[in-house]
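Asker: Handing you a structure now.
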Amino acid sequence: MIRVRRMEAKDAGAAARLEAENFSRPWSEQAFLDTLSCEYAYYYVAETEAEGLVIGLCGLRSLAGEGEITNVAVQESFRRKGVAGMLLDAVLVKGRELGIQAFTLEVRRGNNPAIRLYQKYGFRGEGVRRDFYEKPKEDALIMWKRQGMSK
């Protein structure tokens, strides 16, 4: 079984390791610790219930009435098992509790599995950030989910 819960300081090291497995410019353990202390940041982890292993993470930052979804990462062996969806559900519910009506995120333009998942949740591409990602250099698709969109 997998459960999703709010990230705690004790999870920062595991979150940093997961980031390093998924991103070419990963956040450090300290970056997670710093972010967790921000009153506008809501970060979640997915963990295996039996072992307590952090296998996924996702963040929400509430900025000027909008929700920025960040750091969506799932351990490779747990992909395509609904973990990312569980994490998105958690941050979208929290966002709605905060009164957020518009959510945004960035995704590598070539990351078709992630784009399809975000589309399933009602996100739509609305712009591109040229050469946003490094190693390899790639554009970011800017996606938005606005009130009244599905899920």
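Each chain in the structure tokens gets a letter, A, B and so on, in the order shown; residues start at 1 in every chain, and ligands are counted from 1 in the order they appear.
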Check which residues of segment 17-41 of chain A sit at most 12 Å from segment 135-140 of chain A using only C-alpha atoms, and return one row each with the closest pair of atoms and their distance in Å to one decimal, ordered by chain and rising number, as CSV.
Answerer:
residue,atom,partner,partner_atom,distance
A:Asn22,CA,A:Lys135,CA,11.7
A:Phe23,CA,A:Lys135,CA,8.9
A:Ser24,CA,A:Lys135,CA,5.8
A:Arg25,CA,A:Lys135,CA,8.2
A:Pro26,CA,A:Lys135,CA,11.5
Asker: Within 10 Å of Gln119 of chain A, counting only C-alpha atoms, which residues show up once you throw out same-chain ones fewer than 3 positions away? Write them as a PDB file with N, CA, C and O atoms, in the first residue's frame, please.
Answerer:
ATOM      1  N   PRO A 113       4.468  11.183 -21.168  1.00  0.00           N
ATOM      2  CA  PRO A 113       3.667  10.548 -20.094  1.00  0.00           C
ATOM      3  C   PRO A 113       3.194  11.565 -19.049  1.00  0.00           C
ATOM      4  O   PRO A 113       2.035  11.525 -18.624  1.00  0.00           O
ATOM      5  N   ALA A 114       4.068  12.481 -18.656  1.00  0.00           N
ATOM      6  CA  ALA A 114       3.666  13.488 -17.666  1.00  0.00           C
ATOM      7  C   ALA A 114       2.633  14.444 -18.252  1.00  0.00           C
ATOM      8  O   ALA A 114       1.649  14.790 -17.588  1.00  0.00           O
ATOM      9  N   ILE A 115       2.817  14.855 -19.486  1.00  0.00           N
ATOM     10  CA  ILE A 115       1.858  15.766 -20.128  1.00  0.00           C
ATOM     11  C   ILE A 115       0.477  15.113 -20.185  1.00  0.00           C
ATOM     12  O   ILE A 115      -0.535  15.749 -19.865  1.00  0.00           O
ATOM     13  N   ARG A 116       0.423  13.840 -20.569  1.00  0.00           N
ATOM     14  CA  ARG A 116      -0.862  13.136 -20.613  1.00  0.00           C
ATOM     15  C   ARG A 116      -1.512  13.074 -19.227  1.00  0.00           C
ATOM     16  O   ARG A 116      -2.725  13.248 -19.091  1.00  0.00           O
ATOM     17  N   GLY A 122      -6.927  18.008 -16.145  1.00  0.00           N
ATOM     18  CA  GLY A 122      -7.511  19.266 -16.590  1.00  0.00           C
ATOM     19  C   GLY A 122      -6.519  20.364 -16.911  1.00  0.00           C
ATOM     20  O   GLY A 122      -6.918  21.490 -17.181  1.00  0.00           O
ATOM     21  N   PHE A 123      -5.234  20.063 -16.902  1.00  0.00           N
ATOM     22  CA  PHE A 123      -4.230  21.060 -17.273  1.00  0.00           C
ATOM     23  C   PHE A 123      -4.163  21.163 -18.793  1.00  0.00           C
ATOM     24  O   PHE A 123      -4.291  20.156 -19.498  1.00  0.00           O
ATOM     25  N   ARG A 124      -3.947  22.382 -19.274  1.00  0.00           N
ATOM     26  CA  ARG A 124      -3.825  22.635 -20.708  1.00  0.00           C
ATOM     27  C   ARG A 124      -2.585  23.477 -20.956  1.00  0.00           C
ATOM     28  O   ARG A 124      -2.284  24.409 -20.194  1.00  0.00           O
ATOM     29  N   GLY A 125      -1.885  23.168 -22.039  1.00  0.00           N
ATOM     30  CA  GLY A 125      -0.713  23.950 -22.412  1.00  0.00           C
ATOM     31  C   GLY A 125      -1.111  25.354 -22.834  1.00  0.00           C
ATOM     32  O   GLY A 125      -2.026  25.515 -23.635  1.00  0.00           O
ATOM     33  N   MET A 143       1.710  24.769 -18.307  1.00  0.00           N
ATOM     34  CA  MET A 143       0.345  24.260 -18.290  1.00  0.00           C
ATOM     35  C   MET A 143      -0.435  24.917 -17.160  1.00  0.00           C
ATOM     36  O   MET A 143       0.119  25.228 -16.104  1.00  0.00           O
ATOM     37  N   TRP A 144      -1.730  25.111 -17.416  1.00  0.00           N
ATOM     38  CA  TRP A 144      -2.632  25.721 -16.439  1.00  0.00           C
ATOM     39  C   TRP A 144      -3.876  24.876 -16.273  1.00  0.00           C
ATOM     40  O   TRP A 144      -4.380  24.284 -17.232  1.00  0.00           O
ATOM     41  N   LYS A 145      -4.373  24.853 -15.061  1.00  0.00           N
ATOM     42  CA  LYS A 145      -5.684  24.285 -14.737  1.00  0.00           C
ATOM     43  C   LYS A 145      -6.446  25.398 -14.039  1.00  0.00           C
ATOM     44  O   LYS A 145      -6.027  25.882 -12.988  1.00  0.00           O
ATOM     45  N   SER A 150     -11.842  20.098 -15.744  1.00  0.00           N
ATOM     46  CA  SER A 150     -12.099  18.771 -15.182  1.00  0.00           C
ATOM     47  C   SER A 150     -11.169  18.385 -14.049  1.00  0.00           C
ATOM     48  O   SER A 150     -10.087  18.914 -13.926  1.00  0.00           O
ATOM     49  N   LYS A 151     -11.632  17.381 -13.290  1.00  0.00           N
ATOM     50  CA  LYS A 151     -10.967  16.792 -12.100  1.00  0.00           C
ATOM     51  C   LYS A 151     -10.895  17.830 -11.055  1.00  0.00           C
ATOM     52  O   LYS A 151     -10.279  18.047 -10.198  1.00  0.00           O
TER      53      LYS A 151
END
Asker: If we count only C-alpha atoms, what is near Arg3 of chain A at a cut-off of 7 Å, once residues fewer than 3 positions away on the same chain are taken out, given as a PyMOL selection string?
Answerer: chain A and resi 46-49
Asker: Going by DSSP on the backbone, which residues of segment 3-147 of chain A come out as helix (DSSP H, G or I)? List them as JSON, numbers by chain.
Answerer: {"A": [9, 10, 11, 12, 13, 14, 15, 16, 17, 18, 19, 20, 21, 22, 29, 30, 31, 32, 33, 34, 35, 36, 76, 77, 78, 83, 84, 85, 86, 87, 88, 89, 90, 91, 92, 93, 94, 95, 96, 97, 112, 113, 114, 115, 116, 117, 118, 119, 120]}
Asker: Among chain A, which ones does DSSP assign to strand (DSSP E or B) (computed from the backbone)? Answer as JSON, numbers by chain.
Answerer: {"A": [2, 3, 4, 5, 6, 41, 42, 43, 44, 45, 46, 47, 48, 54, 55, 56, 57, 58, 59, 60, 61, 62, 63, 66, 67, 68, 69, 70, 71, 72, 73, 74, 102, 103, 104, 105, 106, 107, 108, 124, 125, 126, 127, 128, 129, 130, 131, 132, 133, 138, 139, 140, 141, 142, 143, 144, 145, 146]}
Asker: Atom CA of Ser37 of chain A and atom CA of Asp11 of chain A are how many Å apart?
Answerer: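 Distance reported for this atom pair: 13.3 Å.
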Asker: For Trp27 of chain A, find every residue with an atom within 10 Å (counting only C-alpha atoms), except residues of its own chain fewer than 3 positions away, and show them as a list in words.
Answerer: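 After dropping sequence-adjacent residues, the list is Ala12, Ala15, Ala16, Arg17, Leu18, Glu19, Ala20, Phe23, Ser24, Gln30, Ala31, Phe32 and Asn71 of chain A.
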Asker: With distances taken over only C-alpha atoms, which residue among A:Val4, A:Ile69, A:Val93, A:Leu87 lies nearest Ile142 of chain A?
Answerer: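 Checking each of A:Val4, A:Ile69, A:Val93, A:Leu87 against Ile142 of chain A, counting only C-alpha atoms, the winner is A:Ile69.
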Asker: Taking into account only C-alpha atoms, which residue in the set A:Gly59, A:Ser28, A:Ile2, A:Asp34 is nearest to Lys94 of chain A?
Answerer: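 Under the stated criterion, the closest residue is A:Gly59.
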Asker: When distances are computed from only C-alpha atoms, which of A:Val54, A:Ala84, A:Tyr121, A:Leu63 shows the smallest separation from Glu39 of chain A?
Answerer: A:Leu63
Asker: Of the candidates A:Val128, A:Ala9, A:Val74, A:Leu60, which shows the shortest atom-to-atom distance to Arg96 of chain A, using only C-alpha atoms?
Answerer: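 Using only C-alpha atoms, Arg96 of chain A sits closest to A:Leu60.
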Asker: In Å, how far is it from atom CA of Glu66 of chain A to atom CA of Asn111 of chain A?
Answerer: 23.9 Å
Asker: Just the number, please: distance in Å from atom CA of Gly99 of chain A to atom CA of Tyr43 of chain A, one decimal.
Answerer: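 These atoms are spaced 17.0 Å apart.
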